[in-house]
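Step one of this worksheet: look at the structure below.
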Amino acid sequence: MSAIYEPGKSLPFDEDLRLVERATAGDEEAFQALYERYHDKVFAIARGILLDHEEAADAVQEIFTLVYRHLARFDRRSKFSTWLFRIAVNRSIQQARRGRSRRHQVPLTEAYDKAEEAPEIEADDPAIAAAMAKLHPADRALLTLFYWDELSLQEIAESLGCSANAAKTRLFRARERFRAFYEEEKP
Amino acid sequence: MKLPPAIDAAMWELAETGDQAALDAFVSRYPEYQAEMAQRVRMVHGLKNLKPSAKAQGRFVPVSDPLPMPTQNRWALPVAATLVLGSLVFATVSFTRWLDSQHKPEIPIVQENPPLKVKPQPIDQREPDDPRVKKELTAGGNGQAQQPEAPKTPWDVPVTLVSDRANLAATLRELALQAGVTLDIAPGMPEVDIQVDYRNQPAMLVLKDMGKNFGFSVLIQTQNTALVVPAVDPRAPAPESISGKSAVAQNVPAEDGKTP
């Protein structure tokens, strides 16, 4: 795989790329700037997929650690943000699946105790959070990227590693599933 | 509620823009979707309001042992699917072959002599009823007492066919295989199971004897090919029958008790 990036030809207005260059060269402050710039959006992704504040906070730290250690792998063919979001989505979905299987293995008494626990996300309309919790993590990822991080379809496509048309179709289906769960929750 | 896809998509877009004038225009045009439109607006509003906020606090400190980099192995699923499909096909083919092998007609052929090398001989020099064969049969009884001479044509090659129940066509094929000849079997041959017991008998003699018993004639075409037709010439002289235990041929009734 060859990197397209050439240091002398980087776009002057791409602040992310400048920060990435400096961070790759060992500038800790540059990585801190990237961390502060994207922490909120990455946290939103993790929280939207994992539905749990603590888990999401841990996931954010792991995601930025992955990025920090593998920054040299970023090949500059996409924007830094979409590369970061892709890692965040994949990592959070991975953790959500693990968490779900862990939840399936809890003892019966513990499961009974937790049965009445509502999803941690709080909303004015409880049906919204309940419907969100019923969705598959991949669907939650789409809705999070679209409604919370306000990414365009093209950016969502790059973050998910698919075409813009595929992202549009998947978003439409995710919304329809959300609507179906929402209608189930409404009295 | 099932909505037309175009309406459905338009309602999502309108709810996301939140443009009140556009919403009013939609509701005035489609009053039947007013309630659904209001619900969409509530859903989108609720979804957007769910967004958490957590600003970065303090400096970033890498965690000690993060999970490995998540990768999207796009090739993994197709490769796995191909492997599973290939295994299924292999298993099906193997099972089918095994089933076929279990249902083959039982033709317990006793090959007592090693395969003989056939010395080619022109067809016009061949004697269908070679007296030497008769002599050999009468002298040997079961054909094992004397060492037979080397056959001159494939039709003289001694064959051994022993079976309590075998299909006529399959028996003819086995005879052709042992003698090294080609038998073209004409349509209309009886589909019968037969009982045969020929041991070390010349192929042509066996063929003629079987023809007499099961109603077919053998027409020699070349030195090693013949046509088997399901008809018997009533005026033809009766072939030399093979006497004794060495040649017992009879029609075996089918399993349902009917003789075909």
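Chain labels run A, B, ... following the order of the structure tokens; each chain numbers its residues from 1, and ligands are numbered from 1 in the order shown.
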Q: Compile the contact shell of Ala10 (chain B) as a list in words: residues with an atom at most 12 Å away, counting only C-alpha atoms, same-chain residues fewer than 6 positions apart removed.
A: Phe172 of chain A; Leu3, Pro4, Glu16, Thr17, Ala22, Leu23, Phe26, Val27, Tyr30, Tyr33, Met37 and Arg40 of chain B
Hey, what's within 6 Å of region 34-43 of chain A if we count only C-alpha atoms and toss same-chain stuff fewer than 5 positions away? As an mmCIF file with N, CA and C atoms, in the first residue's frame, please?
```cif
data_model
loop_
_atom_site.group_PDB
_atom_site.id
_atom_site.type_symbol
_atom_site.label_atom_id
_atom_site.label_comp_id
_atom_site.auth_asym_id
_atom_site.auth_seq_id
_atom_site.Cartn_x
_atom_site.Cartn_y
_atom_site.Cartn_z
ATOM 1 N N VAL A 60 -13.592 5.879 24.738
ATOM 2 C CA VAL A 60 -12.933 7.055 24.147
ATOM 3 C C VAL A 60 -11.429 7.017 24.427
ATOM 4 N N ASP A 149 -23.419 13.821 15.495
ATOM 5 C CA ASP A 149 -22.200 14.430 14.960
ATOM 6 C C ASP A 149 -22.477 15.239 13.700
ATOM 7 N N ALA B 54 -19.619 15.837 26.577
ATOM 8 C CA ALA B 54 -18.557 15.531 27.535
ATOM 9 C C ALA B 54 -17.269 16.100 26.983
ATOM 10 N N LYS B 55 -16.946 17.270 27.420
ATOM 11 C CA LYS B 55 -15.712 17.907 26.951
ATOM 12 C C LYS B 55 -14.507 17.176 27.530
ATOM 13 N N ALA B 56 -13.442 17.219 26.751
ATOM 14 C CA ALA B 56 -12.211 16.582 27.218
ATOM 15 C C ALA B 56 -11.732 17.264 28.491
#
```
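You can rank A:Ser81, A:Gln95, A:Thr24, A:Gln154 by their closest distance to chain B using only C-alpha atoms, and at the top of that list sits A:Gln95.
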With a cut-off of 9 Å, could you pull out the residues of chain A touching chain B and give me the nearest pair of atoms for each, distance in Å to one decimal, using only C-alpha atoms, ordered by chain and ascending number, as CSV?
```
residue,atom,partner,partner_atom,distance
A:Phe31,CA,B:Phe60,CA,8.4
A:Gln32,CA,B:Phe60,CA,6.3
A:Tyr35,CA,B:Phe60,CA,6.9
A:Glu36,CA,B:Ala56,CA,5.6
A:Arg37,CA,B:Ala56,CA,8.6
A:Tyr38,CA,B:Ala56,CA,8.7
A:His39,CA,B:Ala56,CA,5.8
A:Asp40,CA,B:Lys55,CA,5.6
A:Lys41,CA,B:Ser53,CA,8.7
A:Phe43,CA,B:Ala54,CA,7.0
A:Ala44,CA,B:Pro52,CA,6.1
A:Arg47,CA,B:Pro52,CA,7.5
A:Gly48,CA,B:Lys51,CA,7.9
A:His53,CA,B:Pro52,CA,9.0
A:Ala57,CA,B:Ala54,CA,8.9
A:Gln61,CA,B:Val63,CA,6.6
A:Glu62,CA,B:Pro66,CA,5.4
A:Ile63,CA,B:Pro66,CA,8.1
A:Phe64,CA,B:Pro62,CA,7.3
A:Thr65,CA,B:Pro62,CA,4.8
A:Leu66,CA,B:Met69,CA,6.4
A:Val67,CA,B:Met69,CA,8.8
A:Tyr68,CA,B:Pro62,CA,7.7
A:Arg69,CA,B:Pro62,CA,8.8
A:His70,CA,B:Met69,CA,8.4
A:Ile87,CA,B:Pro70,CA,6.8
A:Asn90,CA,B:Pro70,CA,6.0
A:Arg91,CA,B:Pro70,CA,5.8
A:Gln94,CA,B:Pro70,CA,7.8
A:Ile121,CA,B:Leu50,CA,7.2
A:Glu122,CA,B:Leu50,CA,7.1
A:Ala123,CA,B:Leu50,CA,6.0
A:Asp124,CA,B:Gly46,CA,7.1
A:Asp125,CA,B:Gly46,CA,6.7
A:Ile128,CA,B:Gly46,CA,6.3
A:Ala129,CA,B:Leu50,CA,7.8
A:Met132,CA,B:Leu47,CA,8.6
A:Leu143,CA,B:Leu47,CA,8.4
A:Thr144,CA,B:Lys51,CA,8.1
A:Tyr147,CA,B:Lys48,CA,5.6
A:Trp148,CA,B:Lys51,CA,5.5
A:Asp149,CA,B:Lys51,CA,8.6
A:Gly161,CA,B:Gln72,CA,8.7
A:Phe172,CA,B:Ala9,CA,7.9
A:Arg175,CA,B:Trp12,CA,8.6
A:Arg179,CA,B:Met43,CA,7.9
A:Tyr182,CA,B:Met43,CA,8.1
```
Q. If you count only C-alpha atoms, which residues fall within 9 Å of Val89 (chain A), apart from same-chain ones fewer than 2 positions away, as JSON, numbers by chain?
A. {"A": [42, 45, 46, 49, 84, 85, 86, 87, 91, 92, 93, 94, 138, 141, 159, 160]}
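Taking CA of Glu29 (chain A) and CA of Arg77 (chain A) as endpoints, the distance between them is 23.8 Å.
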(Q) When you look at Trp83 (chain A) with a cut-off of 9 Å (counting only C-alpha atoms), what residues show up, excluding the ones that are within fewer than 4 positions of it in the same chain? I need them as a PyMOL selection string. (A) chain A and resi 74+76+78-79+87-88+158-159
Those residues with N, CA and C atoms, as a short mmCIF file (atom, residue, chain, number, x, y, z; two decimals), in the first residue's frame please?
```cif
data_model
loop_
_atom_site.label_atom_id
_atom_site.label_comp_id
_atom_site.auth_asym_id
_atom_site.auth_seq_id
_atom_site.Cartn_x
_atom_site.Cartn_y
_atom_site.Cartn_z
N PHE A 74 -2.13 6.23 9.31
CA PHE A 74 -3.08 7.11 8.63
C PHE A 74 -2.45 7.53 7.29
N ARG A 76 -3.63 9.43 4.81
CA ARG A 76 -4.01 10.74 4.25
C ARG A 76 -4.90 10.64 3.02
N SER A 78 -8.04 9.89 3.23
CA SER A 78 -9.31 10.47 3.68
C SER A 78 -8.98 11.56 4.70
N LYS A 79 -10.02 12.22 5.14
CA LYS A 79 -9.79 13.23 6.18
C LYS A 79 -9.44 12.50 7.48
N ILE A 87 -12.58 4.38 13.21
CA ILE A 87 -12.01 3.61 14.33
C ILE A 87 -12.99 3.64 15.51
N ALA A 88 -13.55 4.80 15.76
CA ALA A 88 -14.48 4.93 16.90
C ALA A 88 -15.71 4.04 16.73
N GLU A 158 -17.68 7.49 4.37
CA GLU A 158 -16.24 7.31 4.58
C GLU A 158 -15.96 6.75 5.97
N SER A 159 -16.74 7.15 6.93
CA SER A 159 -16.53 6.65 8.29
C SER A 159 -16.91 5.18 8.42
#
```
Need to verify the contact set: Ala127 (chain A), 9 Å, only C-alpha atoms, exclusion of same-chain residues closer than 5 positions in sequence. Can you return it as a PDB file with N, CA, C and O atoms, in the first residue's frame?
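Just written: part.pdb:
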```pdb
ATOM      1  N   MET A 132     -34.048   3.685  20.986  1.00  0.00           N
ATOM      2  CA  MET A 132     -32.618   3.709  20.682  1.00  0.00           C
ATOM      3  C   MET A 132     -31.926   2.470  21.271  1.00  0.00           C
ATOM      4  O   MET A 132     -31.078   1.846  20.636  1.00  0.00           O
ATOM      5  N   PHE A 181     -39.635   0.797  16.521  1.00  0.00           N
ATOM      6  CA  PHE A 181     -39.456   0.594  17.967  1.00  0.00           C
ATOM      7  C   PHE A 181     -40.116   1.729  18.759  1.00  0.00           C
ATOM      8  O   PHE A 181     -40.687   1.502  19.821  1.00  0.00           O
ATOM      9  N   TYR A 182     -40.014   2.927  18.212  1.00  0.00           N
ATOM     10  CA  TYR A 182     -40.607   4.093  18.885  1.00  0.00           C
ATOM     11  C   TYR A 182     -42.123   3.905  18.985  1.00  0.00           C
ATOM     12  O   TYR A 182     -42.718   4.152  20.039  1.00  0.00           O
ATOM     13  N   GLU A 183     -42.733   3.434  17.903  1.00  0.00           N
ATOM     14  CA  GLU A 183     -44.195   3.238  17.925  1.00  0.00           C
ATOM     15  C   GLU A 183     -44.583   2.123  18.878  1.00  0.00           C
ATOM     16  O   GLU A 183     -45.659   2.152  19.473  1.00  0.00           O
ATOM     17  N   GLU A 184     -43.694   1.130  19.030  1.00  0.00           N
ATOM     18  CA  GLU A 184     -43.975   0.074  20.017  1.00  0.00           C
ATOM     19  C   GLU A 184     -43.976   0.642  21.438  1.00  0.00           C
ATOM     20  O   GLU A 184     -44.738   0.195  22.293  1.00  0.00           O
ATOM     21  N   GLU A 185     -43.081   1.586  21.659  1.00  0.00           N
ATOM     22  CA  GLU A 185     -42.927   2.137  23.006  1.00  0.00           C
ATOM     23  C   GLU A 185     -44.021   3.133  23.361  1.00  0.00           C
ATOM     24  O   GLU A 185     -44.315   3.308  24.534  1.00  0.00           O
ATOM     25  N   LYS A 186     -44.601   3.763  22.343  1.00  0.00           N
ATOM     26  CA  LYS A 186     -45.630   4.765  22.633  1.00  0.00           C
ATOM     27  C   LYS A 186     -46.910   4.069  23.085  1.00  0.00           C
ATOM     28  O   LYS A 186     -47.306   3.049  22.519  1.00  0.00           O
TER      29      LYS A 186
END
```
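Summary of the local environment: counting only C-alpha atoms, residues at most 10 Å from Gly215 (chain B), other than itself and those fewer than 4 positions away along its chain, are B:Met189, B:Pro190, B:Lys208, B:Asp209, B:Met210, B:Gly211, B:Val229, B:Pro230, B:Ala231, B:Val232, B:Asp233.
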Q: Would you work out the distance separating CA of Asp58 (chain A) from CA of Asp27 (chain A), expressed in Å to one decimal?
A: 24.1 Å
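Reported to one decimal place, the separation of CA of Ala179 (chain B) from CA of Pro202 (chain B) is 8.5 Å.
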